[in-house]
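Colleague: Have a look at this one before I ask anything.
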Amino acid sequence: MTTRNYPRVVTAPPGPKAKAIIARDEAWTSPSLIKEYPLVIGGGCGAVVEDVDGNTFIDYMAGIAVSATGYNHPKVVAAIQEQAARFLHICATDFYFDGFAALSERLARLAPGTSKKRTFLTNSGTEAIEGAIKLARYHTRRPALIAFQGSFHGRTYGAMSLTSSKMRQHKHFGPFLPEVHHIPYANPYRYEHALEYSLDALHNLFERHVAPDDVAAIFVEPIQGEGGYVIPAAGFLPALREICDKHGILLVADEVQSGNGRTGKWWACDHEGVEPDILVTAKGLGSGMPIGAFVAKESVMTWEGGSHGSTYGGNPVAVAAALATLDIIEPMLPQIAKMGERMLGHAQRMQDKYPVLGNVRGRGLMLGMEFVKDRTTKEPYPEIIDRITERAFHKGLLLLGCGKSTFRLAPPLVLDEYDVDTGMGILEECIREED
Ligand SMILES: Cc1ncc(COP(=O)(O)O)c(C=O)c1O
């Protein structure tokens, strides 16, 4: 193992500089923005984050799975600088530029499956979901949408209507889109016969509540993100594909969190060999620059000129960052899978030792560690997540929870053996201290 001088917590966070920024933030920002812990970032590189008081941390959260190439990858920074010096903006709804065409082609070619695709670039994940909803309704001329319990698709009204993650994201905001139906996700840890359980609910819905030929699309996260980093039961995505084909329903894969190489393949759908009709991406795509996209089969993207557009979607600087990001990730996919296996190995060894660790699962660098009060009842244990998060922060490891009581491990994709072994060592220390 290489000797390196991080993580290093020299001033108990939040230190004096951090405290001043936090006080100002708390006085002036929207109270809807909850903070996980008092990290005030000063810089970052690879899988290391530095705070404004000079503490360094190993980063297992990547700004919620966004900083795919770290915080200032030289190739991404150079691409941004070069593009910024050329031009900052042109509205791609009205005019052309090289990067917009190049990124659209790149994503269309990278998307799962062999059908010819077309791309619409956006500024965020939620906006890409809105576009996918509109396209699905436009193309099928059908009103209804199906999504899954525990799903998270974003904060705008269409995306929020599909989302079924936490009550506080809905409370006092209704009414939402009509004709949206939720069924259980095929969560193999929570349901004994998860695949059948979920598909039975879908058939039941079709039998009692909504005619399949009124359904425009099924929106699914191939791995649930906010809902708990849940990998569905094997065969779930292919089964959805089959049902969609049978009824002329579009399958929309929300890969905002799971895409762009995070799982060791370009898309989580690739692990199951499933080609969605519409693929939605964002987060890691621009290494932190605001960009998203939805990519649809050409046979589905049939809307007419002027039916959908965006002033900023596919901003030239964000596009340059995305093209550089994809260049960096492409040769790294095997390494991402390898680091993911190493991390999962650590997690599995911890699960063998600590009964509070009910389940661990992962694909590439998208790993979930679910804590429970009791392995038999599988009662969630949110308090332990809070305690370990706090302890890890003070030891120099940045964690982030999801679901009811799961840690999502979603580090920058550029982390190496040292980062894996050191970070997982700290995490284990924090779990051990619970005893
Ligand atoms: C699966 C998924 N879809 C959509 C979104 C919304 O993306 P954004 O926050 O960029 O709007 C998120 C964000 O966490 C997500 O995880």
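Scheme for the structure tokens: letters A, B, ... for chains in order shown; per-chain residue numbers from 1; ligand numbers from 1 in order shown.
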For ligand 1, return the neighbouring residues as a list of chain:residue names (distance at most 6 Å; only C-alpha atoms and all ligand atoms).
Modeller: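 I would give the residues around ligand 1 as A:Ser124, A:Gly125, A:Thr126, A:Phe152, A:His153, A:Gly154, A:Gly225, A:Glu226, A:Asp254, A:Glu255, A:Val256, A:Gln257, A:Lys283.
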Colleague: For segment 87-89 of chain A, work out the shell of residues within 7 Å, counting only C-alpha atoms and skipping chain neighbours fewer than 2 positions away, then give it as a PDB file with N, CA and C atoms, in the first residue's frame.
Modeller:
ATOM      1  N   GLN A  83     -13.153  25.653 -24.266  1.00  0.00           N
ATOM      2  CA  GLN A  83     -14.478  26.022 -24.785  1.00  0.00           C
ATOM      3  C   GLN A  83     -14.906  27.392 -24.275  1.00  0.00           C
ATOM      4  N   ALA A  84     -14.603  27.674 -23.003  1.00  0.00           N
ATOM      5  CA  ALA A  84     -14.989  28.976 -22.437  1.00  0.00           C
ATOM      6  C   ALA A  84     -14.315  30.113 -23.196  1.00  0.00           C
ATOM      7  N   ALA A  85     -13.101  29.857 -23.684  1.00  0.00           N
ATOM      8  CA  ALA A  85     -12.394  30.896 -24.435  1.00  0.00           C
ATOM      9  C   ALA A  85     -12.970  31.058 -25.846  1.00  0.00           C
ATOM     10  N   CYS A  91     -27.834  29.067 -28.191  1.00  0.00           N
ATOM     11  CA  CYS A  91     -29.034  28.269 -27.909  1.00  0.00           C
ATOM     12  C   CYS A  91     -29.166  27.187 -28.974  1.00  0.00           C
ATOM     13  N   ASN A 315     -25.445  23.251 -22.987  1.00  0.00           N
ATOM     14  CA  ASN A 315     -24.560  24.429 -22.953  1.00  0.00           C
ATOM     15  C   ASN A 315     -23.159  24.038 -23.429  1.00  0.00           C
ATOM     16  N   PRO A 316     -22.526  24.857 -24.261  1.00  0.00           N
ATOM     17  CA  PRO A 316     -21.241  24.467 -24.867  1.00  0.00           C
ATOM     18  C   PRO A 316     -20.147  24.091 -23.858  1.00  0.00           C
ATOM     19  N   VAL A 317     -20.087  24.795 -22.739  1.00  0.00           N
ATOM     20  CA  VAL A 317     -19.030  24.496 -21.764  1.00  0.00           C
ATOM     21  C   VAL A 317     -19.332  23.154 -21.071  1.00  0.00           C
TER      22      VAL A 317
END
Colleague: Skip Ala201 of chain A itself and residues of its chain fewer than 6 positions away, then list as a ChimeraX atom specification all residues within 10 Å of it, counting only C-alpha atoms.
Modeller: /A:182-185,207
Colleague: Next, the residues of the selection above should be written as a compact mmCIF listing (two decimals), in the first residue's frame with C-alpha atoms.
Modeller:
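What follows is the written file selection.txt:
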# COMPACT_ATOMS: atom_id res chain seq x y z
CA HIS A 182 -46.69 3.08 -8.43
CA ILE A 183 -45.92 -0.58 -7.88
CA PRO A 184 -43.30 -2.31 -5.69
CA TYR A 185 -39.71 -2.51 -6.95
CA GLU A 207 -56.44 -6.05 -14.46
Colleague: Could you tell me, as a ChimeraX atom specification, which residues of segment 265-376 of chain A DSSP assigns to strand (DSSP E or B) when given the backbone?
Modeller: /A:278-281,287,289,292-297,357-363,366-372
Colleague: Could you take the residues named above and write them with C-alpha atoms, as an mmCIF file, in the first residue's frame?
Modeller:
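Contents of the output file again-v6.cif:
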data_model
loop_
_atom_site.group_PDB
_atom_site.id
_atom_site.type_symbol
_atom_site.label_atom_id
_atom_site.label_comp_id
_atom_site.auth_asym_id
_atom_site.auth_seq_id
_atom_site.Cartn_x
_atom_site.Cartn_y
_atom_site.Cartn_z
ATOM 1 C CA ILE A 278 -35.604 5.997 -23.704
ATOM 2 C CA LEU A 279 -32.442 6.289 -21.607
ATOM 3 C CA VAL A 280 -32.110 9.179 -19.150
ATOM 4 C CA THR A 281 -28.729 10.375 -17.916
ATOM 5 C CA SER A 287 -18.049 15.567 -14.031
ATOM 6 C CA MET A 289 -20.946 20.595 -14.932
ATOM 7 C CA GLY A 292 -28.178 15.716 -18.674
ATOM 8 C CA ALA A 293 -29.755 13.983 -21.627
ATOM 9 C CA PHE A 294 -32.429 11.646 -22.769
ATOM 10 C CA VAL A 295 -31.623 9.336 -25.600
ATOM 11 C CA ALA A 296 -34.463 7.660 -27.462
ATOM 12 C CA LYS A 297 -34.778 5.164 -30.251
ATOM 13 C CA LEU A 357 -24.954 -5.015 8.514
ATOM 14 C CA GLY A 358 -27.964 -6.765 7.034
ATOM 15 C CA ASN A 359 -27.134 -6.683 3.355
ATOM 16 C CA VAL A 360 -24.383 -5.518 1.019
ATOM 17 C CA ARG A 361 -24.697 -5.302 -2.745
ATOM 18 C CA GLY A 362 -22.970 -3.579 -5.582
ATOM 19 C CA ARG A 363 -22.242 -3.234 -9.238
ATOM 20 C CA MET A 366 -22.362 1.772 -6.912
ATOM 21 C CA LEU A 367 -22.511 -0.119 -3.626
ATOM 22 C CA GLY A 368 -25.159 -0.275 -0.931
ATOM 23 C CA MET A 369 -24.552 -1.315 2.686
ATOM 24 C CA GLU A 370 -27.895 -1.729 4.447
ATOM 25 C CA PHE A 371 -28.016 -1.639 8.243
ATOM 26 C CA VAL A 372 -30.745 -3.315 10.291
#
Colleague: Considering only C-alpha atoms, state which residue in the set A:His139, A:Leu205, A:Glu272, A:Tyr191 is at the smallest distance from Gly248 of chain A.
Modeller: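 Ranking A:His139, A:Leu205, A:Glu272, A:Tyr191 by distance to Gly248 of chain A, first place goes to A:His139.
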Colleague: Need the shell around Lys166 of chain A: protein/DNA/RNA residues with any atom at most 10 Å away, counting only C-alpha atoms. Skip same-chain ones fewer than 6 positions apart. Format as a ChimeraX atom specification?
Modeller: /A:149-152,226-227,403-404
Colleague: With only C-alpha atoms as the basis for distance, which of A:Gly70, A:Gly54, A:Gly46, A:Gly131 is at the shortest distance from Pro13 of chain A?
Modeller: A:Gly54
Colleague: Skip Ala318 of chain A itself and residues of its chain fewer than 3 positions away, then list as a ChimeraX atom specification all residues within 7 Å of it, counting only C-alpha atoms.
Modeller: /A:286,289-291,314-315,321-322
Colleague: Those selected residues, please, written with N, CA and C atoms and delivered as a CSV table (one decimal), in the first residue's frame.
Modeller:
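The result, stored in selection-v5.csv:
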chain,number,residue,atom,x,y,z
A,286,GLY,N,-21.2,15.1,-16.8
A,286,GLY,CA,-20.3,16.3,-17.0
A,286,GLY,C,-19.3,16.5,-15.9
A,289,MET,N,-20.3,19.5,-14.2
A,289,MET,CA,-20.9,20.6,-14.9
A,289,MET,C,-22.4,20.2,-15.2
A,290,PRO,N,-23.3,21.1,-15.1
A,290,PRO,CA,-24.7,20.8,-15.2
A,290,PRO,C,-25.1,20.3,-16.6
A,291,ILE,N,-25.3,19.1,-16.8
A,291,ILE,CA,-25.7,18.5,-18.1
A,291,ILE,C,-26.4,17.2,-17.9
A,314,GLY,N,-27.6,21.5,-23.1
A,314,GLY,CA,-26.5,21.3,-24.0
A,314,GLY,C,-25.6,22.6,-24.1
A,315,ASN,N,-25.4,23.3,-23.0
A,315,ASN,CA,-24.6,24.4,-23.0
A,315,ASN,C,-23.2,24.0,-23.4
A,321,ALA,N,-17.2,19.5,-21.2
A,321,ALA,CA,-16.9,18.7,-20.0
A,321,ALA,C,-17.4,17.3,-20.1
A,322,ALA,N,-18.5,17.2,-20.7
A,322,ALA,CA,-19.1,15.8,-20.9
A,322,ALA,C,-18.3,15.0,-21.9
Colleague: Here is a test: counting only C-alpha atoms, which residue of A:Leu397, A:Arg262, A:Phe206, A:Asp214 is nearest to Val49 of chain A?
Modeller: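 Using only C-alpha atoms, Val49 of chain A sits closest to A:Leu397.
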Colleague: Just checking: using only C-alpha atoms, which residue out of A:Trp28, A:Phe173, A:Tyr138, A:Tyr60 ends up closest to Met424 of chain A?
Modeller: A:Tyr60
Colleague: Contacts of Tyr6 of chain A at 10 Å or less, counting only C-alpha atoms, minus same-chain residues fewer than 4 places along, as a list of chain:residue names?
Modeller: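 My list of contacting residues is A:Val48, A:Val49, A:Glu50, A:Asn55, A:Thr56, A:Phe57, A:Ile58, A:Gly396, A:Asp419, A:Thr422.
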Colleague: Separation of atom CA of Trp266 of chain A and atom CA of Thr93 of chain A, in Å?
Modeller: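 Straight-line distance from atom CA of Trp266 of chain A to atom CA of Thr93 of chain A works out to 27.4 Å.
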Colleague: Using Å and a single decimal, report how far atom CA of Ile336 of chain A sits from atom CA of Leu415 of chain A.
Modeller: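 Computed distance, atom CA of Leu415 of chain A to atom CA of Ile336 of chain A, equals 8.5 Å.
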Colleague: Please return, as a VMD selection string, all residues of segment 33-257 of chain A that DSSP assigns to alpha helix (DSSP H) on the basis of the backbone.
Modeller: chain A and resid 62 to 65 74 to 86 98 to 110 125 to 140 157 to 162 194 to 208 236 to 247
Colleague: Between A:Pro411, A:His394, A:Gly44, A:Ile328, which is the closest to Ala79 of chain A once you count only C-alpha atoms?
Modeller: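 Comparing A:Pro411, A:His394, A:Gly44, A:Ile328 against Ala79 of chain A, the winner is A:Ile328.
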Colleague: Calculate how many Å separate atom CA of Met339 of chain A from atom CA of Asp327 of chain A, rounding to one decimal.
Modeller: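 Distance between the two atoms: 19.1 Å.
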Colleague: Under the rule that only C-alpha atoms are counted, which of A:Pro143, A:Arg391, A:Glu298, A:Asp421 is the nearest residue to Gly345 of chain A?
Modeller: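 Among the listed residues, A:Asp421 lies closest to Gly345 of chain A.
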Colleague: Need to verify the contact set: Gly235 of chain A, 12 Å, only C-alpha atoms, exclusion of same-chain residues closer than 5 positions in sequence. Can you return it as a PDB file with C-alpha atoms, in the first residue's frame?
Modeller:
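What follows is the written file part_10.pdb:
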ATOM      1  CA  ALA A 186     -38.306  -6.048  -7.174  1.00  0.00           C
ATOM      2  CA  ASN A 187     -36.129  -5.612  -4.084  1.00  0.00           C
ATOM      3  CA  PRO A 188     -34.645  -9.056  -3.353  1.00  0.00           C
ATOM      4  CA  ALA A 194     -39.262 -10.104  -5.366  1.00  0.00           C
ATOM      5  CA  LEU A 195     -39.604 -10.578  -9.090  1.00  0.00           C
ATOM      6  CA  GLU A 196     -43.009 -12.263  -8.841  1.00  0.00           C
ATOM      7  CA  SER A 198     -43.448  -6.794  -8.390  1.00  0.00           C
ATOM      8  CA  LEU A 199     -44.774  -8.322 -11.616  1.00  0.00           C
ATOM      9  CA  PRO A 222     -32.142  -0.192 -13.244  1.00  0.00           C
ATOM     10  CA  LEU A 240     -40.358  -5.311 -17.914  1.00  0.00           C
ATOM     11  CA  ARG A 241     -38.976  -5.175 -21.456  1.00  0.00           C
ATOM     12  CA  GLU A 242     -41.177  -8.091 -22.439  1.00  0.00           C
ATOM     13  CA  CYS A 269     -29.057  -1.832 -18.318  1.00  0.00           C
ATOM     14  CA  HIS A 271     -25.650  -5.833 -17.147  1.00  0.00           C
ATOM     15  CA  GLU A 272     -29.011  -7.305 -18.146  1.00  0.00           C
ATOM     16  CA  GLY A 273     -28.697  -6.865 -21.911  1.00  0.00           C
ATOM     17  CA  VAL A 274     -31.838  -4.706 -21.974  1.00  0.00           C
TER      18      VAL A 274
END
